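What follows is a set of notes on a single structure, which appears directly below.
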Amino acid sequence: MGSPDALDLQAFLRASAATGRTVLRVPSFTVFLHPRDPLRYLNYAIPDGDVAPDAAAVAALRAAFRERARLPRLEFIAEAAPRLAPALAAQGMAEELRAPLMVCTAAGLARPDSAVDDLAVAAVGPGDARAATNVQRVAFGQGPVPPDEEAPDPRASAGGSVLARAGGEAVSAATWTRVIEGTSEVAGVATAEAWRGRGLAGVVTAAAARAAFAAGATRCVISPGHDAAQRIYARAGFREAATMLHWSGPD
């Protein structure tokens, strides 16, 4: 049976993922699909508790993704659904990422230093939305926002973003999600390639968490995609609390 705290964290991730996405119920799972963008990281399912789906349930989940031209994917906390990974493996799906889910409270939040002069970090408003979004999109392998499209306002979903500028140039950004029962997720931590290795990711991570705490959060969560990111978030005050799993495929 999943641990109570892990189940609580997974319930938060499920509620947070619904913002701006199409939500589908496929028995044993809730599916979250971006209405326009097929990028794998924006489309995934979360199990509805400590589930052990049979072959038919996994087939139905795959079909829900394929019918909408999306890669079948799941993101979930291992400790909240300990029986799920074996069930997925038995049906030919594969683990694509295993990473810690890290948690920070306001009391534990640090103020990391950076090796960048003339650095200014501020909340993203309409005038900064394009610059912040472009830093994040390019860092994650996408192109910048097309000139004829308006950049999304991060405040529209009741969360927000922070943007770091060096000498006026947009160099790093991070986003925090709306606060749900005291919890917010820090995500989209990104630094322009030419500015990496100077401590900027830690600075914007901490700044995004501070903004979430100011908005009423009592804890922030974040999930690093690799060991270097884990070290960065640890310097900002985040500590490992659970294990995040990403499973996907086959196409």
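Identifiers in the structure tokens: chain A, B, ... in order shown; residue index from 1 per chain; ligand index from 1 in order shown.
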
**OP:** Taking the DSSP assignment computed from this structure's backbone, write out as a ChimeraX atom specification all residues of segment 98-164 of chain A that belong to helix (DSSP H, G or I).
**Re:** /A:129-139,154-157

Could you produce a table of the residues of segment 136-183 of chain A lying within 10 Å of segment 8-24 of chain A, with the nearest pair of atoms per residue and their separation in Å rounded to one decimal, using only C-alpha atoms, ordered by chain and increasing residue number, as JSON lines?
```
{"residue": "A:Ala156", "atom": "CA", "partner": "A:Gly20", "partner_atom": "CA", "distance": 9.6}
{"residue": "A:Ser157", "atom": "CA", "partner": "A:Thr19", "partner_atom": "CA", "distance": 6.8}
{"residue": "A:Ala158", "atom": "CA", "partner": "A:Thr19", "partner_atom": "CA", "distance": 9.5}
{"residue": "A:Thr177", "atom": "CA", "partner": "A:Ser16", "partner_atom": "CA", "distance": 7.2}
{"residue": "A:Arg178", "atom": "CA", "partner": "A:Ser16", "partner_atom": "CA", "distance": 7.4}
{"residue": "A:Val179", "atom": "CA", "partner": "A:Ser16", "partner_atom": "CA", "distance": 8.5}
{"residue": "A:Ile180", "atom": "CA", "partner": "A:Phe12", "partner_atom": "CA", "distance": 6.8}
{"residue": "A:Glu181", "atom": "CA", "partner": "A:Phe12", "partner_atom": "CA", "distance": 8.0}
{"residue": "A:Gly182", "atom": "CA", "partner": "A:Phe12", "partner_atom": "CA", "distance": 9.5}
{"residue": "A:Thr183", "atom": "CA", "partner": "A:Phe12", "partner_atom": "CA", "distance": 7.2}
```

Original post:
Glu193 of chain A: which residues within 12 Å, counting only C-alpha atoms, same-chain residues fewer than 3 positions away excluded, as an MDAnalysis selection string?
Top reply: chainID A and resid 135:141 170:172 190 196:198 200:201

Original post:
Among segment 153-220 of chain A, which ones does DSSP place in strand (DSSP E), written as JSON, numbers by chain?
Top reply: {"A": [160, 161, 162, 163, 164, 165, 166, 169, 170, 171, 172, 173, 174, 175, 176, 183, 184, 185, 186, 187, 188, 189, 190, 191, 219, 220]}

**OP:** Report the distance between atom CA of Thr205 of chain A and atom CA of Ala217 of chain A in Å, rounded to one decimal place.
**Re:**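 Value for the atom CA of Thr205 of chain A-atom CA of Ala217 of chain A distance: 14.8 Å.
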
Original post:
A:Ala209, A:Gly168, A:Tyr41, A:Pro47: which is nearest Val26 of chain A, counting only C-alpha atoms?
Top reply: A:Pro47

Extract, using only C-alpha atoms, all DNA, RNA and protein residues at most 9 Å from Asp50 of chain A, discarding same-chain residues fewer than 4 positions from it, and format them as a JSON list (two decimals) with N, CA, C and O atoms, in the first residue's frame.
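Output (around33.json):
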```
[["chain", "number", "residue", "atom", "x", "y", "z"],
["A", 1, "MET", "N", 0.85, -1.20, 0.00],
["A", 1, "MET", "CA", 0.00, 0.00, 0.00],
["A", 1, "MET", "C", 0.88, 1.24, 0.00],
["A", 1, "MET", "O", 1.91, 1.29, 0.67],
["A", 2, "GLY", "N", 0.51, 2.27, -0.76],
["A", 2, "GLY", "CA", 1.31, 3.49, -0.82],
["A", 2, "GLY", "C", 1.38, 4.20, 0.51],
["A", 2, "GLY", "O", 0.43, 4.17, 1.30],
["A", 7, "LEU", "N", 1.18, 9.40, -1.09],
["A", 7, "LEU", "CA", -0.15, 9.52, -1.69],
["A", 7, "LEU", "C", -0.62, 10.97, -1.69],
["A", 7, "LEU", "O", -1.25, 11.43, -2.64],
["A", 28, "SER", "N", -8.38, 3.39, -13.41],
["A", 28, "SER", "CA", -7.09, 3.27, -12.71],
["A", 28, "SER", "C", -6.18, 4.47, -12.94],
["A", 28, "SER", "O", -5.17, 4.61, -12.25],
["A", 79, "GLU", "N", 6.51, 5.41, -4.39],
["A", 79, "GLU", "CA", 6.02, 5.01, -3.06],
["A", 79, "GLU", "C", 4.50, 5.11, -2.94],
["A", 79, "GLU", "O", 3.91, 4.52, -2.05],
["A", 80, "ALA", "N", 3.87, 5.85, -3.84],
["A", 80, "ALA", "CA", 2.41, 5.98, -3.82],
["A", 80, "ALA", "C", 1.73, 4.87, -4.61],
["A", 80, "ALA", "O", 0.55, 4.61, -4.40],
["A", 81, "ALA", "N", 2.46, 4.25, -5.53],
["A", 81, "ALA", "CA", 1.89, 3.19, -6.38],
["A", 81, "ALA", "C", 2.93, 2.10, -6.59],
["A", 81, "ALA", "O", 3.41, 1.88, -7.71],
["A", 82, "PRO", "N", 3.30, 1.38, -5.53],
["A", 82, "PRO", "CA", 4.39, 0.41, -5.64],
["A", 82, "PRO", "C", 4.10, -0.78, -6.54],
["A", 82, "PRO", "O", 5.02, -1.46, -6.98],
["A", 83, "ARG", "N", 2.84, -1.03, -6.85],
["A", 83, "ARG", "CA", 2.49, -2.18, -7.70],
["A", 83, "ARG", "C", 2.40, -1.82, -9.19],
["A", 83, "ARG", "O", 2.24, -2.70, -10.04],
["A", 84, "LEU", "N", 2.51, -0.54, -9.49],
["A", 84, "LEU", "CA", 2.26, -0.11, -10.87],
["A", 84, "LEU", "C", 3.40, -0.45, -11.82],
["A", 84, "LEU", "O", 3.15, -0.95, -12.93]]
```

Original post:
Which residue gives the smallest distance to Glu240 of chain A among A:Val51, A:Pro152, A:Ile222, A:Ala59, with only C-alpha atoms counted?
Top reply: A:Ile222

**OP:** Write out as a PyMOL selection string each polymer residue whose atoms come within 10 Å of Asn43 of chain A, counting only C-alpha atoms; drop sequence neighbours fewer than 6 positions from it.
**Re:** chain A and resi 17+21-22+31-35+37+65+70-75

Which residues of segment 163-229 of chain A come within 6 Å of segment 89-113 of chain A, and for each one, what is the closest pair of atoms and their distance in Å to one decimal, counting only C-alpha atoms, sorted by chain and residue number, as JSON lines?
```
{"residue": "A:Gly202", "atom": "CA", "partner": "A:Pro112", "partner_atom": "CA", "distance": 5.8}
{"residue": "A:Val203", "atom": "CA", "partner": "A:Pro112", "partner_atom": "CA", "distance": 5.6}
{"residue": "A:Arg219", "atom": "CA", "partner": "A:Thr105", "partner_atom": "CA", "distance": 4.6}
{"residue": "A:Cys220", "atom": "CA", "partner": "A:Cys104", "partner_atom": "CA", "distance": 5.3}
{"residue": "A:Val221", "atom": "CA", "partner": "A:Val103", "partner_atom": "CA", "distance": 4.5}
{"residue": "A:Ile222", "atom": "CA", "partner": "A:Met102", "partner_atom": "CA", "distance": 5.2}
{"residue": "A:Ser223", "atom": "CA", "partner": "A:Leu101", "partner_atom": "CA", "distance": 4.7}
```

**OP:** Show which residues sit within 10 Å of Pro146 of chain A, as a PyMOL selection string. Count only C-alpha atoms, and ignore same-chain residues fewer than 5 positions away.
**Re:** chain A and resi 130+134+151

Original post:
Just how far from atom CA of Met244 of chain A is atom CA of Arg68 of chain A, in Å to one decimal?
Top reply: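 The value is 25.2 Å.
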